Amino acid sequence: MKNHYDTIIIGAGHNGLVAAAYLAKQGKKVLVLERRAIVGGSVVTESFGDDFSADSVWTGGTLRPDIIKDLKLALPKNNEKQAFISLQPDGNHLTLDAESIKRISEKDAARFPEFVRFMDKAAEILDAAYATIMPRLPMNFGIREGYGLLELGLELKLAGRKDMLNFIRALPMTAQELLDEYFESDVVKAAIASVGIHSFTLGPMGAGTGYTLIHNWMNRGGLANVNVGKAGEITQALANAVKSFGGEIRTESQVTSIRVENQAAKGVVLASGEEITANAILSSADPKHTLLKLVGPQDLPPEFVWHTQSIKMRGSVAKVHLQTNGNHGIPKGTVVLAPSIKYLERSYDAAKYGEISEKPYLEVTTSRNVVSIHFQFAPYLLKNGDWSLETSKVEKLAIDTLSEYFPNLKSQVSAVKTITPKDLENVYGLTEGDLNHGQLMLDQFLFMRPMPGWSNHKTPIDNLYLCGSGVHGGGGVSGVGGRNVIKMVK
Ligand SMILES: Cc1cc2nc3c(=O)[nH]c(=O)nc-3n(C[C@H](O)[C@H](O)[C@H](O)COP(=O)(O)OP(=O)(O)OC[C@H]3O[C@@H](n4cnc5c(N)ncnc54)[C@H](O)[C@@H]3O)c2cc1C
């Protein structure tokens, strides 16, 4: 049958492509269907005009080393150590390393290496947990999940009791509390805490930002972003791997529904009306979109529908890209506007009340002549107004705020491209503009991601699996969802 595949994968984001490459490598007949004209999902480099191209949404990170090795990916090298710089109200730039921290506090400089050691260890432990398929609590779980948990238990024992205990303590803590245990300077604490709230709708005084700090540290390999300006190269390498193993990728192919018969997924229907059948369907689109829109409540148990509806999305990030003549004066590396813990918390407060932060937390990266500003907080759900009218407000706030630190910037800007949470939904397919396909919160992680009872990639529909950032191991860029699902696909 021409239109029949072993596996259809919905979405050519990095997780969909990782899953497709592994399955194609196993010899399966694989088809990836992507609604956009380009592959990559959130990991894309796009052109907005002549000499104006940028990693449009994703800031930086890297795939897990085993994925790179297994799929023989030719990826850009990121051995270069990147600087993480905090902008200070007095005009100084603080680089977060022991040497520069000395200027602020001798004590904090002395504690910094131990903090980095702990965070690296904590990231290692979290990575091991993410590599393990979680049991479907409160239901029984099978041998495969049981064996995985046993392996994880052994790995955790090897991590050492003290670090293990400190890791478990850190998860529910606020980023502020965790950092209070290491540092005295608010400036140092705030700069580091910003990584804990990057891409989440949380402030550094929120429970669980200890966990999100470790999560982002793990995906970046530290404080600073890696692979800035190279997003497109990563997903192109993955797409090439899929094709080299014999898989097919079709762009401009939006799936409008998943065909279900007798509680089993049989195929998909495209916006063009075309139907394609498969033995298994993997979706790397977010769980809400996949289950509520593509399957639909009519084919799902009522309690499961209620759980899916309850997944907290809450996107609150906008991106503002500036084309300049290159003389913007912004240093290379990851530059943050996070001058104090209270500043960050107040930025977040705005989002709680459906408002755009007037004093935003910014994370700025540069690639050649382009300055990319990650803006928080810009909530998807605005109390007043709507995004068609508020785009210029975010744009102005981002440029004005950054220009306070780089006065020449404004006069250098020749073009601007702003991406709002609404654009993240409409263009990039992210429900409620949530970058991670669901917030990373204490009630939405480990065996509760995407929802309790369904943390092992399966769904109530036979042969339908989830593999995007919304599953255990996501969000962010790591490829973990796409790699882990392979263990579960029949
Ligand atoms: C602004 C922003 C900043 C970020 N910063 C960071 C960061 O600094 N560090 C980090 O680690 N992560 C970051 N992230 C998060 C990270 O990029 C994502 O979590 C991750 O890339 C998601 O990958 P994915 O493959 O799971 O899903 P996606 O990249 O979302 O891919 C899903 C794909 O499915 C397609 N699709 C959806 N529905 C359908 C359909 N019905 N039919 C066909 N195709 C469909 C979409 O078009 C998309 O291509 C950021 C994300 C954004 C948006």
# chains A, B, ... in the order shown; residues from 1 in each chain; ligands from 1
$ residues_around --residues "range 461-465 of chain A" --least-positions-apart "2" --cutoff "7 Å" --atoms "only C-alpha atoms" --output "PDB file with C-alpha atoms, in the first residue's frame"
ATOM      1  CA  GLN A 263      -9.890   2.654  20.513  1.00  0.00           C
ATOM      2  CA  ALA A 264      -6.860   2.264  18.207  1.00  0.00           C
ATOM      3  CA  ALA A 265      -5.150   4.857  15.988  1.00  0.00           C
ATOM      4  CA  ASN A 279       0.668   0.878  12.410  1.00  0.00           C
ATOM      5  CA  ALA A 280       1.753   3.475  14.954  1.00  0.00           C
ATOM      6  CA  ILE A 281       1.353   7.230  15.257  1.00  0.00           C
ATOM      7  CA  LEU A 282       3.709   9.389  17.297  1.00  0.00           C
ATOM      8  CA  SER A 283       2.841  13.007  17.984  1.00  0.00           C
ATOM      9  CA  HIS A 457       4.318   8.100  26.242  1.00  0.00           C
ATOM     10  CA  LYS A 458       1.157   6.007  25.811  1.00  0.00           C
ATOM     11  CA  THR A 459      -2.402   7.302  25.559  1.00  0.00           C
ATOM     12  CA  CYS A 467       7.001  12.300  22.124  1.00  0.00           C
TER      13      CYS A 467
END
$ residues_around --residues "Leu150 in chain A" --least-positions-apart "3" --cutoff "12 Å" --atoms "only C-alpha atoms" --output "list in words"
Ala128, Ala129, Thr132, Ile133, Met134, Pro135, Ile143, Arg144, Glu145, Gly146, Tyr147, Gly153, Leu154, Glu155, Leu156 and Lys157 of chain A
$ residues_near_ligand --ligand "ligand 1" --cutoff "7 Å" --atoms "only C-alpha atoms and all ligand atoms" --output "mmCIF file with N, CA and C atoms, in the first residue's frame"
data_model
loop_
_atom_site.group_PDB
_atom_site.id
_atom_site.type_symbol
_atom_site.label_atom_id
_atom_site.label_comp_id
_atom_site.auth_asym_id
_atom_site.auth_seq_id
_atom_site.Cartn_x
_atom_site.Cartn_y
_atom_site.Cartn_z
ATOM 1 N N ILE A 10 3.911 13.041 13.802
ATOM 2 C CA ILE A 10 3.298 14.366 13.597
ATOM 3 C C ILE A 10 4.250 15.403 14.162
ATOM 4 N N GLY A 11 4.724 16.305 13.293
ATOM 5 C CA GLY A 11 5.587 17.399 13.724
ATOM 6 C C GLY A 11 7.057 17.121 13.494
ATOM 7 N N ALA A 12 7.706 18.067 12.803
ATOM 8 C CA ALA A 12 9.152 17.947 12.541
ATOM 9 C C ALA A 12 9.933 18.917 13.411
ATOM 10 N N GLY A 13 9.537 19.011 14.701
ATOM 11 C CA GLY A 13 10.399 19.689 15.672
ATOM 12 C C GLY A 13 11.555 18.756 15.971
ATOM 13 N N HIS A 14 12.458 19.181 16.848
ATOM 14 C CA HIS A 14 13.639 18.326 17.046
ATOM 15 C C HIS A 14 13.267 16.970 17.637
ATOM 16 N N ASN A 15 12.225 16.925 18.510
ATOM 17 C CA ASN A 15 11.858 15.627 19.104
ATOM 18 C C ASN A 15 11.259 14.681 18.062
ATOM 19 N N GLY A 16 10.394 15.203 17.199
ATOM 20 C CA GLY A 16 9.808 14.373 16.145
ATOM 21 C C GLY A 16 10.890 13.823 15.234
ATOM 22 N N LEU A 33 5.237 14.299 9.256
ATOM 23 C CA LEU A 33 4.328 15.297 8.661
ATOM 24 C C LEU A 33 4.448 16.602 9.433
ATOM 25 N N GLU A 34 4.802 17.670 8.741
ATOM 26 C CA GLU A 34 5.010 18.971 9.385
ATOM 27 C C GLU A 34 4.111 20.011 8.733
ATOM 28 N N ARG A 35 3.401 20.788 9.568
ATOM 29 C CA ARG A 35 2.455 21.769 9.027
ATOM 30 C C ARG A 35 3.140 22.971 8.401
ATOM 31 N N ARG A 36 4.333 23.355 8.927
ATOM 32 C CA ARG A 36 5.020 24.527 8.379
ATOM 33 C C ARG A 36 5.781 24.161 7.092
ATOM 34 N N VAL A 39 11.293 22.597 8.428
ATOM 35 C CA VAL A 39 11.380 21.688 9.579
ATOM 36 C C VAL A 39 12.062 22.409 10.745
ATOM 37 N N GLY A 40 11.913 21.861 11.935
ATOM 38 C CA GLY A 40 12.657 22.392 13.087
ATOM 39 C C GLY A 40 11.787 22.785 14.264
ATOM 40 N N GLY A 41 10.504 23.069 14.035
ATOM 41 C CA GLY A 41 9.647 23.497 15.147
ATOM 42 C C GLY A 41 10.218 24.747 15.798
ATOM 43 N N SER A 42 10.510 24.665 17.085
ATOM 44 C CA SER A 42 11.068 25.828 17.796
ATOM 45 C C SER A 42 12.568 25.971 17.574
ATOM 46 N N VAL A 43 13.182 24.985 16.947
ATOM 47 C CA VAL A 43 14.644 25.038 16.752
ATOM 48 C C VAL A 43 14.920 25.347 15.271
ATOM 49 N N VAL A 57 13.015 31.601 17.574
ATOM 50 C CA VAL A 57 12.369 31.492 18.881
ATOM 51 C C VAL A 57 13.283 30.911 19.968
ATOM 52 N N TRP A 58 13.939 29.820 19.672
ATOM 53 C CA TRP A 58 14.761 29.119 20.655
ATOM 54 C C TRP A 58 16.040 29.906 20.928
ATOM 55 N N THR A 59 16.488 29.918 22.185
ATOM 56 C CA THR A 59 17.664 30.707 22.505
ATOM 57 C C THR A 59 18.956 29.905 22.393
ATOM 58 N N GLY A 60 18.955 28.699 22.917
ATOM 59 C CA GLY A 60 20.191 27.920 22.823
ATOM 60 C C GLY A 60 20.168 26.703 23.710
ATOM 61 N N GLY A 61 20.955 25.713 23.374
ATOM 62 C CA GLY A 61 21.021 24.471 24.137
ATOM 63 C C GLY A 61 21.621 23.405 23.245
ATOM 64 N N SER A 199 11.876 30.940 30.346
ATOM 65 C CA SER A 199 10.851 30.228 29.568
ATOM 66 C C SER A 199 9.707 29.635 30.419
ATOM 67 N N ASN A 216 17.070 23.858 33.416
ATOM 68 C CA ASN A 216 17.687 24.689 32.365
ATOM 69 C C ASN A 216 19.208 24.585 32.394
ATOM 70 N N ASN A 219 20.039 21.508 30.385
ATOM 71 C CA ASN A 219 19.910 21.623 28.934
ATOM 72 C C ASN A 219 20.960 22.549 28.324
ATOM 73 N N ARG A 220 21.415 23.546 29.102
ATOM 74 C CA ARG A 220 22.441 24.450 28.570
ATOM 75 C C ARG A 220 23.850 23.932 28.840
ATOM 76 N N ASN A 225 23.902 30.125 27.221
ATOM 77 C CA ASN A 225 23.382 29.361 26.084
ATOM 78 C C ASN A 225 24.531 28.881 25.211
ATOM 79 N N SER A 253 2.202 19.967 5.480
ATOM 80 C CA SER A 253 1.274 18.832 5.589
ATOM 81 C C SER A 253 0.676 18.832 6.986
ATOM 82 N N GLN A 254 -0.330 19.646 7.165
ATOM 83 C CA GLN A 254 -0.957 19.755 8.482
ATOM 84 C C GLN A 254 -1.903 18.594 8.731
ATOM 85 N N VAL A 255 -1.716 17.935 9.857
ATOM 86 C CA VAL A 255 -2.642 16.872 10.247
ATOM 87 C C VAL A 255 -3.847 17.542 10.902
ATOM 88 N N THR A 256 -5.028 17.219 10.425
ATOM 89 C CA THR A 256 -6.230 17.825 11.033
ATOM 90 C C THR A 256 -6.932 16.861 11.974
ATOM 91 N N SER A 284 4.569 14.682 18.116
ATOM 92 C CA SER A 284 5.490 15.572 18.843
ATOM 93 C C SER A 284 4.850 16.948 19.016
ATOM 94 N N ALA A 285 3.601 17.081 18.580
ATOM 95 C CA ALA A 285 2.850 18.312 18.881
ATOM 96 C C ALA A 285 2.463 18.241 20.358
ATOM 97 N N HIS A 289 -3.009 19.850 22.052
ATOM 98 C CA HIS A 289 -3.349 19.887 20.629
ATOM 99 C C HIS A 289 -3.614 18.466 20.122
ATOM 100 N N LEU A 294 -6.685 16.822 17.676
ATOM 101 C CA LEU A 294 -6.482 15.827 16.611
ATOM 102 C C LEU A 294 -7.255 14.533 16.876
ATOM 103 N N VAL A 317 6.255 34.385 26.991
ATOM 104 C CA VAL A 317 7.515 34.848 26.400
ATOM 105 C C VAL A 317 7.238 35.500 25.051
ATOM 106 N N ALA A 318 7.925 36.613 24.793
ATOM 107 C CA ALA A 318 7.930 37.198 23.448
ATOM 108 C C ALA A 318 9.387 37.306 23.007
ATOM 109 N N LYS A 319 9.604 37.354 21.704
ATOM 110 C CA LYS A 319 10.962 37.544 21.176
ATOM 111 C C LYS A 319 10.975 38.805 20.332
ATOM 112 N N HIS A 374 15.014 37.963 24.330
ATOM 113 C CA HIS A 374 14.001 37.076 24.922
ATOM 114 C C HIS A 374 13.326 37.906 26.020
ATOM 115 N N LEU A 424 3.473 32.557 18.604
ATOM 116 C CA LEU A 424 4.025 31.229 18.946
ATOM 117 C C LEU A 424 2.943 30.170 18.764
ATOM 118 N N TYR A 428 4.014 28.805 15.208
ATOM 119 C CA TYR A 428 4.874 27.687 15.629
ATOM 120 C C TYR A 428 4.075 26.524 16.233
ATOM 121 N N GLY A 429 2.766 26.686 16.304
ATOM 122 C CA GLY A 429 1.897 25.576 16.735
ATOM 123 C C GLY A 429 1.940 25.287 18.219
ATOM 124 N N LEU A 430 2.306 26.292 19.050
ATOM 125 C CA LEU A 430 2.415 26.058 20.492
ATOM 126 C C LEU A 430 1.138 26.524 21.195
ATOM 127 N N LEU A 435 6.186 27.441 25.444
ATOM 128 C CA LEU A 435 7.405 26.958 24.773
ATOM 129 C C LEU A 435 7.690 25.490 25.044
ATOM 130 N N ASN A 436 7.278 25.033 26.224
ATOM 131 C CA ASN A 436 7.649 23.681 26.646
ATOM 132 C C ASN A 436 6.483 22.695 26.560
ATOM 133 N N HIS A 437 5.430 23.062 25.813
ATOM 134 C CA HIS A 437 4.256 22.186 25.616
ATOM 135 C C HIS A 437 3.587 21.863 26.950
ATOM 136 N N CYS A 467 5.529 12.279 22.061
ATOM 137 C CA CYS A 467 7.001 12.300 22.124
ATOM 138 C C CYS A 467 7.582 13.711 22.087
ATOM 139 N N GLY A 468 6.763 14.762 22.250
ATOM 140 C CA GLY A 468 7.294 16.127 22.218
ATOM 141 C C GLY A 468 7.704 16.610 23.600
ATOM 142 N N SER A 469 7.929 17.908 23.712
ATOM 143 C CA SER A 469 8.402 18.480 24.977
ATOM 144 C C SER A 469 7.406 18.343 26.124
ATOM 145 N N GLY A 470 6.144 18.037 25.812
ATOM 146 C CA GLY A 470 5.130 17.920 26.858
ATOM 147 C C GLY A 470 5.239 16.650 27.676
ATOM 148 N N GLY A 474 10.917 16.371 28.714
ATOM 149 C CA GLY A 474 10.852 17.701 28.106
ATOM 150 C C GLY A 474 10.570 18.695 29.211
ATOM 151 N N GLY A 475 10.510 19.952 28.896
ATOM 152 C CA GLY A 475 10.735 20.635 27.645
ATOM 153 C C GLY A 475 12.185 21.026 27.478
ATOM 154 N N GLY A 476 12.290 21.965 26.563
ATOM 155 C CA GLY A 476 13.623 22.411 26.198
ATOM 156 C C GLY A 476 14.191 21.540 25.108
ATOM 157 N N VAL A 477 15.395 21.881 24.722
ATOM 158 C CA VAL A 477 16.023 21.170 23.611
ATOM 159 C C VAL A 477 16.998 20.141 24.169
ATOM 160 N N SER A 478 16.653 18.895 23.990
ATOM 161 C CA SER A 478 17.508 17.808 24.467
ATOM 162 C C SER A 478 17.303 16.576 23.589
#
$ residues_around --residues "range 354-360 of chain A" --least-positions-apart "4" --cutoff "9 Å" --atoms "only C-alpha atoms" --output "list in words"
Ser316, Leu337, Ala338, Tyr343, Leu344, Arg346, Ser347, Tyr348, Asp349, Ala350, Phe375, Gln376, Phe377, Ala378, Pro379, Tyr380, Leu381, Leu382, Lys383, Asn384, Glu390, Lys393, Val394, Leu397, Ala398 and Thr401 of chain A
$ write_last_selection --atoms "N, CA and C atoms" --output "PDB file, in the first residue's frame"
ATOM      1  N   SER A 316       4.368  32.907  28.357  1.00  0.00           N
ATOM      2  CA  SER A 316       4.500  34.342  28.662  1.00  0.00           C
ATOM      3  C   SER A 316       5.821  34.910  28.143  1.00  0.00           C
ATOM      4  N   LEU A 337      19.265  40.886  31.772  1.00  0.00           N
ATOM      5  CA  LEU A 337      18.840  42.009  32.608  1.00  0.00           C
ATOM      6  C   LEU A 337      18.050  41.383  33.751  1.00  0.00           C
ATOM      7  N   ALA A 338      18.754  41.189  34.867  1.00  0.00           N
ATOM      8  CA  ALA A 338      18.168  40.532  36.044  1.00  0.00           C
ATOM      9  C   ALA A 338      18.896  41.108  37.259  1.00  0.00           C
ATOM     10  N   TYR A 343      13.429  42.425  41.469  1.00  0.00           N
ATOM     11  CA  TYR A 343      13.139  42.895  40.118  1.00  0.00           C
ATOM     12  C   TYR A 343      12.496  41.754  39.304  1.00  0.00           C
ATOM     13  N   LEU A 344      13.099  40.566  39.397  1.00  0.00           N
ATOM     14  CA  LEU A 344      12.587  39.419  38.626  1.00  0.00           C
ATOM     15  C   LEU A 344      11.184  39.031  39.102  1.00  0.00           C
ATOM     16  N   ARG A 346       9.004  40.899  40.524  1.00  0.00           N
ATOM     17  CA  ARG A 346       8.001  41.907  40.118  1.00  0.00           C
ATOM     18  C   ARG A 346       7.699  41.812  38.620  1.00  0.00           C
ATOM     19  N   SER A 347       8.715  41.464  37.844  1.00  0.00           N
ATOM     20  CA  SER A 347       8.462  41.250  36.404  1.00  0.00           C
ATOM     21  C   SER A 347       7.407  40.170  36.240  1.00  0.00           C
ATOM     22  N   TYR A 348       7.579  39.105  37.018  1.00  0.00           N
ATOM     23  CA  TYR A 348       6.632  37.985  36.949  1.00  0.00           C
ATOM     24  C   TYR A 348       5.247  38.379  37.466  1.00  0.00           C
ATOM     25  N   ASP A 349       5.219  39.207  38.525  1.00  0.00           N
ATOM     26  CA  ASP A 349       3.931  39.627  39.098  1.00  0.00           C
ATOM     27  C   ASP A 349       2.990  40.129  38.010  1.00  0.00           C
ATOM     28  N   ALA A 350       3.523  40.892  37.062  1.00  0.00           N
ATOM     29  CA  ALA A 350       2.683  41.443  35.992  1.00  0.00           C
ATOM     30  C   ALA A 350       1.932  40.317  35.288  1.00  0.00           C
ATOM     31  N   PHE A 375      12.023  38.125  25.910  1.00  0.00           N
ATOM     32  CA  PHE A 375      11.292  39.069  26.774  1.00  0.00           C
ATOM     33  C   PHE A 375      10.320  38.327  27.681  1.00  0.00           C
ATOM     34  N   GLN A 376      10.483  38.486  28.979  1.00  0.00           N
ATOM     35  CA  GLN A 376       9.517  37.971  29.957  1.00  0.00           C
ATOM     36  C   GLN A 376       9.168  39.098  30.913  1.00  0.00           C
ATOM     37  N   PHE A 377       7.931  39.359  31.171  1.00  0.00           N
ATOM     38  CA  PHE A 377       6.832  38.444  30.920  1.00  0.00           C
ATOM     39  C   PHE A 377       5.809  39.134  30.029  1.00  0.00           C
ATOM     40  N   ALA A 378       5.314  38.377  29.069  1.00  0.00           N
ATOM     41  CA  ALA A 378       4.314  38.847  28.129  1.00  0.00           C
ATOM     42  C   ALA A 378       3.254  37.754  28.038  1.00  0.00           C
ATOM     43  N   PRO A 379       2.265  37.776  28.940  1.00  0.00           N
ATOM     44  CA  PRO A 379       1.351  36.634  29.033  1.00  0.00           C
ATOM     45  C   PRO A 379       0.451  36.460  27.811  1.00  0.00           C
ATOM     46  N   TYR A 380       0.250  35.217  27.448  1.00  0.00           N
ATOM     47  CA  TYR A 380      -0.643  34.863  26.330  1.00  0.00           C
ATOM     48  C   TYR A 380      -2.034  35.446  26.564  1.00  0.00           C
ATOM     49  N   LEU A 381      -2.509  35.272  27.800  1.00  0.00           N
ATOM     50  CA  LEU A 381      -3.856  35.784  28.128  1.00  0.00           C
ATOM     51  C   LEU A 381      -3.721  37.162  28.748  1.00  0.00           C
ATOM     52  N   LEU A 382      -4.078  38.189  28.008  1.00  0.00           N
ATOM     53  CA  LEU A 382      -3.969  39.560  28.506  1.00  0.00           C
ATOM     54  C   LEU A 382      -5.276  39.969  29.178  1.00  0.00           C
ATOM     55  N   LYS A 383      -5.120  40.674  30.306  1.00  0.00           N
ATOM     56  CA  LYS A 383      -6.326  41.116  31.021  1.00  0.00           C
ATOM     57  C   LYS A 383      -7.079  42.148  30.168  1.00  0.00           C
ATOM     58  N   ASN A 384      -6.299  43.102  29.639  1.00  0.00           N
ATOM     59  CA  ASN A 384      -6.910  44.127  28.776  1.00  0.00           C
ATOM     60  C   ASN A 384      -6.254  44.052  27.397  1.00  0.00           C
ATOM     61  N   GLU A 390      -1.095  44.781  21.067  1.00  0.00           N
ATOM     62  CA  GLU A 390      -0.056  44.945  22.082  1.00  0.00           C
ATOM     63  C   GLU A 390       1.365  44.653  21.579  1.00  0.00           C
ATOM     64  N   LYS A 393       3.811  47.409  21.884  1.00  0.00           N
ATOM     65  CA  LYS A 393       4.166  47.736  23.276  1.00  0.00           C
ATOM     66  C   LYS A 393       5.377  46.899  23.724  1.00  0.00           C
ATOM     67  N   VAL A 394       5.335  45.598  23.443  1.00  0.00           N
ATOM     68  CA  VAL A 394       6.455  44.718  23.813  1.00  0.00           C
ATOM     69  C   VAL A 394       7.725  45.161  23.079  1.00  0.00           C
ATOM     70  N   LEU A 397       9.062  48.351  24.649  1.00  0.00           N
ATOM     71  CA  LEU A 397       9.619  48.083  25.984  1.00  0.00           C
ATOM     72  C   LEU A 397      10.974  47.379  25.873  1.00  0.00           C
ATOM     73  N   ALA A 398      11.056  46.413  24.964  1.00  0.00           N
ATOM     74  CA  ALA A 398      12.308  45.650  24.810  1.00  0.00           C
ATOM     75  C   ALA A 398      13.431  46.585  24.347  1.00  0.00           C
ATOM     76  N   THR A 401      14.218  49.425  27.043  1.00  0.00           N
ATOM     77  CA  THR A 401      14.885  48.910  28.253  1.00  0.00           C
ATOM     78  C   THR A 401      16.338  48.566  27.950  1.00  0.00           C
TER      79      THR A 401
END
$ residues_around --residues "Thr366 in chain A" --least-positions-apart "3" --cutoff "9 Å" --atoms "only C-alpha atoms" --output "ChimeraX atom specification"
/A:54,228-229,330-334,369-373
$ write_last_selection --atoms "C-alpha atoms" --output "JSON list (two decimals), in the first residue's frame"
[["chain", "number", "residue", "atom", "x", "y", "z"],
["A", 54, "ALA", "CA", 18.04, 34.69, 13.42],
["A", 228, "VAL", "CA", 23.48, 30.45, 19.54],
["A", 229, "GLY", "CA", 22.82, 31.20, 15.86],
["A", 330, "ILE", "CA", 26.41, 44.19, 23.15],
["A", 331, "PRO", "CA", 29.04, 41.69, 24.31],
["A", 332, "LYS", "CA", 29.15, 38.16, 22.95],
["A", 333, "GLY", "CA", 27.60, 35.47, 25.12],
["A", 334, "THR", "CA", 24.35, 35.40, 27.10],
["A", 369, "ASN", "CA", 24.48, 41.86, 13.17],
["A", 370, "VAL", "CA", 21.29, 40.57, 14.80],
["A", 371, "VAL", "CA", 20.34, 41.18, 18.43],
["A", 372, "SER", "CA", 17.75, 38.74, 19.80],
["A", 373, "ILE", "CA", 15.84, 39.72, 22.92]]
$ select_by_dssp --residues "range 258-396 of chain A" --states "helix (DSSP H, G or I)" --output "JSON, numbers by chain"
{"A": [287, 288, 289, 290, 291, 292, 293, 294, 295, 297, 298, 299, 302, 303, 304, 305, 306, 307, 308, 309, 341, 342, 343, 344, 345, 346, 347, 348, 349, 350, 351, 352, 387, 388, 389, 390, 391, 392, 393, 394, 395, 396]}
$ write_last_selection --atoms "C-alpha atoms" --output "PDB file, in the first residue's frame"
ATOM      1  CA  PRO A 287      -0.502  16.988  24.341  1.00  0.00           C
ATOM      2  CA  LYS A 288      -3.441  19.394  24.405  1.00  0.00           C
ATOM      3  CA  HIS A 289      -3.349  19.887  20.629  1.00  0.00           C
ATOM      4  CA  THR A 290      -2.815  16.185  19.947  1.00  0.00           C
ATOM      5  CA  LEU A 291      -5.463  14.837  22.283  1.00  0.00           C
ATOM      6  CA  LEU A 292      -8.166  17.503  22.268  1.00  0.00           C
ATOM      7  CA  LYS A 293      -7.907  18.717  18.655  1.00  0.00           C
ATOM      8  CA  LEU A 294      -6.482  15.827  16.611  1.00  0.00           C
ATOM      9  CA  VAL A 295      -8.157  12.935  18.470  1.00  0.00           C
ATOM     10  CA  PRO A 297     -12.960  14.219  23.327  1.00  0.00           C
ATOM     11  CA  GLN A 298     -15.429  11.862  21.629  1.00  0.00           C
ATOM     12  CA  ASP A 299     -12.775   9.109  21.447  1.00  0.00           C
ATOM     13  CA  PRO A 302     -14.148  11.647  30.214  1.00  0.00           C
ATOM     14  CA  GLU A 303     -11.674  11.727  33.128  1.00  0.00           C
ATOM     15  CA  PHE A 304      -8.732  11.670  30.722  1.00  0.00           C
ATOM     16  CA  VAL A 305     -10.276  14.572  28.792  1.00  0.00           C
ATOM     17  CA  TRP A 306     -10.612  16.513  32.038  1.00  0.00           C
ATOM     18  CA  HIS A 307      -6.934  15.828  32.917  1.00  0.00           C
ATOM     19  CA  THR A 308      -5.827  16.933  29.456  1.00  0.00           C
ATOM     20  CA  GLN A 309      -7.865  20.124  29.670  1.00  0.00           C
ATOM     21  CA  ILE A 341      15.635  38.944  42.892  1.00  0.00           C
ATOM     22  CA  LYS A 342      12.846  41.439  43.632  1.00  0.00           C
ATOM     23  CA  TYR A 343      13.139  42.895  40.118  1.00  0.00           C
ATOM     24  CA  LEU A 344      12.587  39.419  38.626  1.00  0.00           C
ATOM     25  CA  GLU A 345       9.704  38.608  40.946  1.00  0.00           C
ATOM     26  CA  ARG A 346       8.001  41.907  40.118  1.00  0.00           C
ATOM     27  CA  SER A 347       8.462  41.250  36.404  1.00  0.00           C
ATOM     28  CA  TYR A 348       6.632  37.985  36.949  1.00  0.00           C
ATOM     29  CA  ASP A 349       3.931  39.627  39.098  1.00  0.00           C
ATOM     30  CA  ALA A 350       2.683  41.443  35.992  1.00  0.00           C
ATOM     31  CA  ALA A 351       2.031  38.115  34.248  1.00  0.00           C
ATOM     32  CA  LYS A 352       0.008  36.862  37.213  1.00  0.00           C
ATOM     33  CA  TRP A 387      -2.055  40.683  21.025  1.00  0.00           C
ATOM     34  CA  SER A 388      -2.957  42.260  17.681  1.00  0.00           C
ATOM     35  CA  LEU A 389      -2.776  45.625  19.498  1.00  0.00           C
ATOM     36  CA  GLU A 390      -0.056  44.945  22.082  1.00  0.00           C
ATOM     37  CA  THR A 391       2.832  43.836  19.823  1.00  0.00           C
ATOM     38  CA  SER A 392       4.220  47.349  19.484  1.00  0.00           C
ATOM     39  CA  LYS A 393       4.166  47.736  23.276  1.00  0.00           C
ATOM     40  CA  VAL A 394       6.455  44.718  23.813  1.00  0.00           C
ATOM     41  CA  GLU A 395       8.686  45.868  20.963  1.00  0.00           C
ATOM     42  CA  LYS A 396       9.074  49.367  22.442  1.00  0.00           C
TER      43      LYS A 396
END
$ select_by_dssp --residues "range 196-404 of chain A" --states "strand (DSSP E or B)" --output "number ranges by chain"
A: 248-250, 255-261, 264-270, 275-283, 317-323, 334-337, 361-367, 370-376
$ residues_around --residues "Val30 in chain A" --least-positions-apart "2" --cutoff "6 Å" --atoms "only C-alpha atoms" --output "mmCIF file with C-alpha atoms, in the first residue's frame"
data_model
loop_
_atom_site.group_PDB
_atom_site.id
_atom_site.type_symbol
_atom_site.label_atom_id
_atom_site.label_comp_id
_atom_site.auth_asym_id
_atom_site.auth_seq_id
_atom_site.Cartn_x
_atom_site.Cartn_y
_atom_site.Cartn_z
ATOM 1 C CA THR A 7 5.063 4.894 11.741
ATOM 2 C CA ILE A 8 3.744 8.385 11.135
ATOM 3 C CA ALA A 24 14.140 4.776 10.327
ATOM 4 C CA LYS A 28 10.923 1.070 9.826
ATOM 5 C CA GLY A 247 12.678 8.090 6.288
#
$ closest_residue --among "A:Asn227, A:Gly91, A:Leu96, A:Leu178" --to "Pro113 in chain A" --atoms "only C-alpha atoms"
A:Leu96
$ closest_residue --among "A:Tyr353, A:Tyr22, A:Leu213, A:Thr45" --to "Val485 in chain A" --atoms "only C-alpha atoms"
A:Tyr22
$ residues_around --residues "Gly196 in chain A" --least-positions-apart "4" --cutoff "10 Å" --atoms "only C-alpha atoms" --output "list in words"
Thr174, Ala175, Gln176, Ala190, Ala191, Ile192, Phe200, Leu202, Gly203, Pro204, Gly208, Thr209, Gly210, Tyr211, Thr212, Leu213, Ile214, His215, Asn216, Trp217 and Leu223 of chain A
